[in-house]
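Student: Dropping the structure in here first, questions after.
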Amino acid sequence: MCTTKNTKRLIKNTLSMTQGLTLIEVLVVIAIMMLIASFSSAQMGELLRRKSINQTAQNMVTTLNLALESAMRRSDVVVVCPGVSQTQCQQDWNQGWSAYGVDLNQAALTLQPLKRFDAPNRKVLVVTNAGQFQFSSDGFLLATQTQKVVICHPDTTDYWVELTLELSGLVAQTNHFFDGVNTQCK
């Protein structure tokens, strides 16, 4: 009987000592969770910047392809230029861009809006030397040389997208991702 009583007391003491966590154990768990959260939030910010770059690049490619197709379908020139005005081209690609049909059959030059894209993210930059892109009715880029557009984020120099507009009207996209080539996105 004495052994059963001692066993019960030993089990009771063991259970009472193992219930709950000490303050040190709780603090260690919280510190580990905070460390994981800090790494996750840094990576999440980078992923969101890359998503914004890709979305802007896709919108630009969509606009350029629409302009090319519209020029051939309309048998007129189509212009893609900076700004989102209903009637005229503007100066800053970073405010968005528009595609306009140019009606060459009218005496006065008139622009007919076809598609507008507002800049989805004000931090993503669209950098190009071209003031506008014109596509002819036979599907060519009206330019003397290949045109380039760089889409980047000032806080992410190791990831950026380069669009190349060939004279044939082809739009090629190159994603630069840790390839050793950095861009100065300003």
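So you can find residues: chains in the structure tokens are A, B, ... in the order shown, residues in each start at 1, and ligands are numbered from 1 in order.
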If you count only C-alpha atoms, which residues fall within 9 Å of Asp92 in chain A, apart from same-chain ones fewer than 5 positions away, as an MDAnalysis selection string?
Tutor: chainID A and resid 81:83 97 126 131
Student: Quick one: residues within 12 Å of Trp93 in chain A, only C-alpha atoms counted, chain neighbours fewer than 6 positions away excluded, as a short mmCIF file (atom, residue, chain, number, x, y, z; two decimals) with N, CA and C atoms, in the first residue's frame?
Tutor:
```cif
data_model
loop_
_atom_site.label_atom_id
_atom_site.label_comp_id
_atom_site.auth_asym_id
_atom_site.auth_seq_id
_atom_site.Cartn_x
_atom_site.Cartn_y
_atom_site.Cartn_z
N THR A 56 3.48 46.22 -65.01
CA THR A 56 3.69 47.38 -65.87
C THR A 56 4.24 46.94 -67.23
N MET A 60 2.47 47.40 -70.95
CA MET A 60 3.15 48.04 -72.08
C MET A 60 3.16 47.12 -73.29
N VAL A 80 1.61 55.17 -79.95
CA VAL A 80 1.61 54.93 -78.51
C VAL A 80 2.51 56.00 -77.92
N CYS A 81 1.96 56.77 -76.99
CA CYS A 81 2.74 57.87 -76.43
C CYS A 81 2.43 58.04 -74.94
N PRO A 82 3.29 58.77 -74.24
CA PRO A 82 3.08 58.95 -72.81
C PRO A 82 1.86 59.79 -72.50
N GLY A 83 1.27 59.53 -71.33
CA GLY A 83 0.12 60.30 -70.87
C GLY A 83 -1.17 59.57 -71.09
N VAL A 84 -2.20 60.02 -70.39
CA VAL A 84 -3.51 59.39 -70.49
C VAL A 84 -4.58 60.40 -70.89
N ARG A 116 -6.08 53.34 -73.05
CA ARG A 116 -5.28 54.09 -72.08
C ARG A 116 -4.88 53.18 -70.93
N PHE A 117 -3.68 53.36 -70.45
CA PHE A 117 -3.21 52.64 -69.27
C PHE A 117 -2.70 53.64 -68.26
N ASP A 118 -3.36 53.72 -67.12
CA ASP A 118 -2.84 54.52 -66.03
C ASP A 118 -1.66 53.77 -65.43
N ALA A 119 -0.71 54.50 -64.92
CA ALA A 119 0.43 53.86 -64.27
C ALA A 119 -0.08 53.11 -63.04
N PRO A 120 0.10 51.79 -62.98
CA PRO A 120 -0.45 51.01 -61.87
C PRO A 120 0.28 51.26 -60.55
N ARG A 122 3.07 54.04 -58.92
CA ARG A 122 3.84 55.28 -59.14
C ARG A 122 5.33 55.10 -58.90
N VAL A 124 7.11 52.38 -59.89
CA VAL A 124 7.71 51.69 -61.03
C VAL A 124 7.96 52.73 -62.12
N LEU A 125 9.18 52.70 -62.67
CA LEU A 125 9.56 53.68 -63.67
C LEU A 125 9.62 53.06 -65.06
N VAL A 126 9.18 53.82 -66.03
CA VAL A 126 9.28 53.45 -67.44
C VAL A 126 10.30 54.40 -68.05
N VAL A 127 11.43 53.85 -68.50
CA VAL A 127 12.53 54.66 -68.99
C VAL A 127 12.76 54.34 -70.46
N THR A 128 12.69 55.36 -71.31
CA THR A 128 12.96 55.20 -72.73
C THR A 128 13.36 56.56 -73.31
N ASN A 129 14.12 56.51 -74.38
CA ASN A 129 14.49 57.74 -75.07
C ASN A 129 13.43 58.15 -76.08
N ALA A 130 12.53 57.24 -76.40
CA ALA A 130 11.52 57.51 -77.42
C ALA A 130 10.41 58.39 -76.84
N GLY A 131 10.03 59.40 -77.58
CA GLY A 131 8.91 60.24 -77.18
C GLY A 131 7.58 59.58 -77.50
N GLN A 132 7.58 58.68 -78.48
CA GLN A 132 6.38 57.94 -78.87
C GLN A 132 6.79 56.79 -79.78
N PHE A 133 5.89 55.86 -79.97
CA PHE A 133 6.09 54.75 -80.89
C PHE A 133 4.98 54.80 -81.92
N VAL A 149 12.77 49.96 -74.10
CA VAL A 149 12.03 50.47 -72.95
C VAL A 149 12.50 49.66 -71.74
N VAL A 150 12.90 50.35 -70.68
CA VAL A 150 13.30 49.69 -69.44
C VAL A 150 12.24 49.98 -68.39
N ILE A 151 11.78 48.93 -67.72
CA ILE A 151 10.78 49.07 -66.66
C ILE A 151 11.44 48.56 -65.38
#
```
Student: Using only C-alpha atoms, which of A:Leu142, A:Ala71, A:Leu64, A:Ala37 sits nearest Ser98 in chain A?
Tutor: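 Ranked by minimum distance to Ser98 in chain A, first place goes to A:Leu64.
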Student: Would you mind telling me which residue in A:Ile36, A:Leu47, A:Ala172, A:Val78 lies nearest to Tyr159 in chain A when using only C-alpha atoms?
Tutor: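 Using only C-alpha atoms, Tyr159 in chain A sits closest to A:Leu47.
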Student: I'd like to know which residues of chain A are strand (DSSP E or B) (by DSSP, run on the backbone); could you write them as a ChimeraX atom specification?
Tutor: /A:77-82,96-102,111-118,125-127,133-135,141,147-153,156-165,171-177
Student: Write out as a list in words which residues come within 9 Å of Ser70 in chain A when counting only C-alpha atoms, dropping same-chain ones fewer than 4 positions away.
Tutor: Asn65, Leu66, Arg74, Ser75, Asp76, Val77, Val78, Gly101, Leu114, Phe135 and Ser137 of chain A
Student: Write out as a PyMOL selection string all residues of chain A that DSSP puts in helix (DSSP H, G or I) for this structure's backbone.
Tutor: chain A and resi 2-17+23-74+93-95
Student: Okay, now the selection with C-alpha atoms, as a PDB file, in the first residue's frame?
Tutor:
```pdb
ATOM      1  CA  CYS A   2       2.802   2.302   0.798  1.00  0.00           C
ATOM      2  CA  THR A   3       4.227   1.870  -2.681  1.00  0.00           C
ATOM      3  CA  THR A   4       0.937   2.815  -4.353  1.00  0.00           C
ATOM      4  CA  LYS A   5       0.672   5.923  -2.209  1.00  0.00           C
ATOM      5  CA  ASN A   6       4.227   6.962  -3.076  1.00  0.00           C
ATOM      6  CA  THR A   7       3.628   6.296  -6.775  1.00  0.00           C
ATOM      7  CA  LYS A   8       0.506   8.458  -6.763  1.00  0.00           C
ATOM      8  CA  ARG A   9       2.392  11.261  -5.040  1.00  0.00           C
ATOM      9  CA  LEU A  10       5.278  10.965  -7.520  1.00  0.00           C
ATOM     10  CA  ILE A  11       2.893  11.095 -10.512  1.00  0.00           C
ATOM     11  CA  LYS A  12       1.086  14.080  -8.982  1.00  0.00           C
ATOM     12  CA  ASN A  13       4.374  15.959  -8.413  1.00  0.00           C
ATOM     13  CA  THR A  14       5.613  15.148 -11.944  1.00  0.00           C
ATOM     14  CA  LEU A  15       2.391  16.387 -13.539  1.00  0.00           C
ATOM     15  CA  SER A  16       2.376  19.578 -11.539  1.00  0.00           C
ATOM     16  CA  MET A  17       5.953  20.337 -12.645  1.00  0.00           C
ATOM     17  CA  LEU A  23       8.921  32.600 -19.104  1.00  0.00           C
ATOM     18  CA  ILE A  24      12.269  31.854 -20.761  1.00  0.00           C
ATOM     19  CA  GLU A  25      10.686  29.272 -23.089  1.00  0.00           C
ATOM     20  CA  VAL A  26       7.942  31.711 -24.105  1.00  0.00           C
ATOM     21  CA  LEU A  27      10.492  34.473 -24.798  1.00  0.00           C
ATOM     22  CA  VAL A  28      12.616  32.144 -26.945  1.00  0.00           C
ATOM     23  CA  VAL A  29       9.573  31.140 -29.016  1.00  0.00           C
ATOM     24  CA  ILE A  30       8.566  34.802 -29.484  1.00  0.00           C
ATOM     25  CA  ALA A  31      12.120  35.754 -30.519  1.00  0.00           C
ATOM     26  CA  ILE A  32      12.202  32.970 -33.116  1.00  0.00           C
ATOM     27  CA  MET A  33       8.796  34.023 -34.502  1.00  0.00           C
ATOM     28  CA  MET A  34       9.940  37.662 -34.757  1.00  0.00           C
ATOM     29  CA  LEU A  35      13.082  36.604 -36.602  1.00  0.00           C
ATOM     30  CA  ILE A  36      11.068  34.581 -39.113  1.00  0.00           C
ATOM     31  CA  ALA A  37       8.597  37.461 -39.565  1.00  0.00           C
ATOM     32  CA  SER A  38      11.380  39.958 -40.262  1.00  0.00           C
ATOM     33  CA  PHE A  39      12.816  37.768 -43.035  1.00  0.00           C
ATOM     34  CA  SER A  40       9.352  37.168 -44.480  1.00  0.00           C
ATOM     35  CA  SER A  41       8.407  40.844 -44.610  1.00  0.00           C
ATOM     36  CA  ALA A  42      11.626  41.783 -46.431  1.00  0.00           C
ATOM     37  CA  GLN A  43      11.016  39.073 -49.010  1.00  0.00           C
ATOM     38  CA  MET A  44       7.359  40.081 -49.368  1.00  0.00           C
ATOM     39  CA  GLY A  45       8.328  43.665 -50.205  1.00  0.00           C
ATOM     40  CA  GLU A  46      10.717  42.439 -52.888  1.00  0.00           C
ATOM     41  CA  LEU A  47       8.053  40.152 -54.364  1.00  0.00           C
ATOM     42  CA  LEU A  48       5.541  43.005 -54.508  1.00  0.00           C
ATOM     43  CA  ARG A  49       8.064  45.257 -56.304  1.00  0.00           C
ATOM     44  CA  ARG A  50       8.780  42.533 -58.865  1.00  0.00           C
ATOM     45  CA  LYS A  51       5.060  41.975 -59.378  1.00  0.00           C
ATOM     46  CA  SER A  52       4.575  45.696 -60.048  1.00  0.00           C
ATOM     47  CA  ILE A  53       7.428  45.688 -62.575  1.00  0.00           C
ATOM     48  CA  ASN A  54       5.966  42.639 -64.351  1.00  0.00           C
ATOM     49  CA  GLN A  55       2.456  44.108 -64.389  1.00  0.00           C
ATOM     50  CA  THR A  56       3.695  47.376 -65.871  1.00  0.00           C
ATOM     51  CA  ALA A  57       5.739  45.500 -68.488  1.00  0.00           C
ATOM     52  CA  GLN A  58       2.737  43.360 -69.418  1.00  0.00           C
ATOM     53  CA  ASN A  59       0.543  46.452 -69.794  1.00  0.00           C
ATOM     54  CA  MET A  60       3.148  48.043 -72.081  1.00  0.00           C
ATOM     55  CA  VAL A  61       3.471  44.885 -74.208  1.00  0.00           C
ATOM     56  CA  THR A  62      -0.328  44.652 -74.454  1.00  0.00           C
ATOM     57  CA  THR A  63      -0.542  48.279 -75.581  1.00  0.00           C
ATOM     58  CA  LEU A  64       2.206  47.892 -78.185  1.00  0.00           C
ATOM     59  CA  ASN A  65       0.657  44.712 -79.609  1.00  0.00           C
ATOM     60  CA  LEU A  66      -2.771  46.366 -79.686  1.00  0.00           C
ATOM     61  CA  ALA A  67      -1.279  49.334 -81.522  1.00  0.00           C
ATOM     62  CA  LEU A  68       0.355  47.070 -84.098  1.00  0.00           C
ATOM     63  CA  GLU A  69      -2.834  45.073 -84.694  1.00  0.00           C
ATOM     64  CA  SER A  70      -4.983  48.207 -84.799  1.00  0.00           C
ATOM     65  CA  ALA A  71      -2.697  49.887 -87.324  1.00  0.00           C
ATOM     66  CA  MET A  72      -2.984  46.945 -89.708  1.00  0.00           C
ATOM     67  CA  ARG A  73      -6.740  46.553 -89.153  1.00  0.00           C
ATOM     68  CA  ARG A  74      -7.473  50.285 -89.586  1.00  0.00           C
ATOM     69  CA  TRP A  93       5.688  57.697 -69.485  1.00  0.00           C
ATOM     70  CA  ASN A  94       5.471  57.210 -65.719  1.00  0.00           C
ATOM     71  CA  GLN A  95       1.986  58.761 -65.611  1.00  0.00           C
TER      72      GLN A  95
END
```
Student: List as a count of residues only the protein and nucleic acid residues near range 173-178 of chain A, meaning an atom at most 6 Å away when only C-alpha atoms are counted, but skip any in the same chain fewer than 2 places from it.
Tutor: 7
Student: Could you please determine the separation between CA of Asp103 in chain A and CA of Thr164 in chain A in Å, to one decimal place?
Tutor: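 So the two atoms, CA of Asp103 in chain A and CA of Thr164 in chain A, lie 26.6 Å apart.
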Student: So how far away is CA of Cys89 in chain A from CA of Lys115 in chain A, in Å?
Tutor: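 Atom-to-atom, CA of Lys115 in chain A to CA of Cys89 in chain A, that is 12.7 Å.
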Student: When distances are computed from only C-alpha atoms, which of A:Thr87, A:Leu141, A:Ser168, A:Gly20 shows the smallest separation from Val102 in chain A?
Tutor: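 When distances to Val102 in chain A are compared using only C-alpha atoms, the smallest one comes from A:Thr87.
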Student: Just give me the gap between CA of Gly96 in chain A and CA of Gly169 in chain A in Å, one decimal is fine.
Tutor: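 Separation of CA of Gly96 in chain A and CA of Gly169 in chain A: 21.1 Å.
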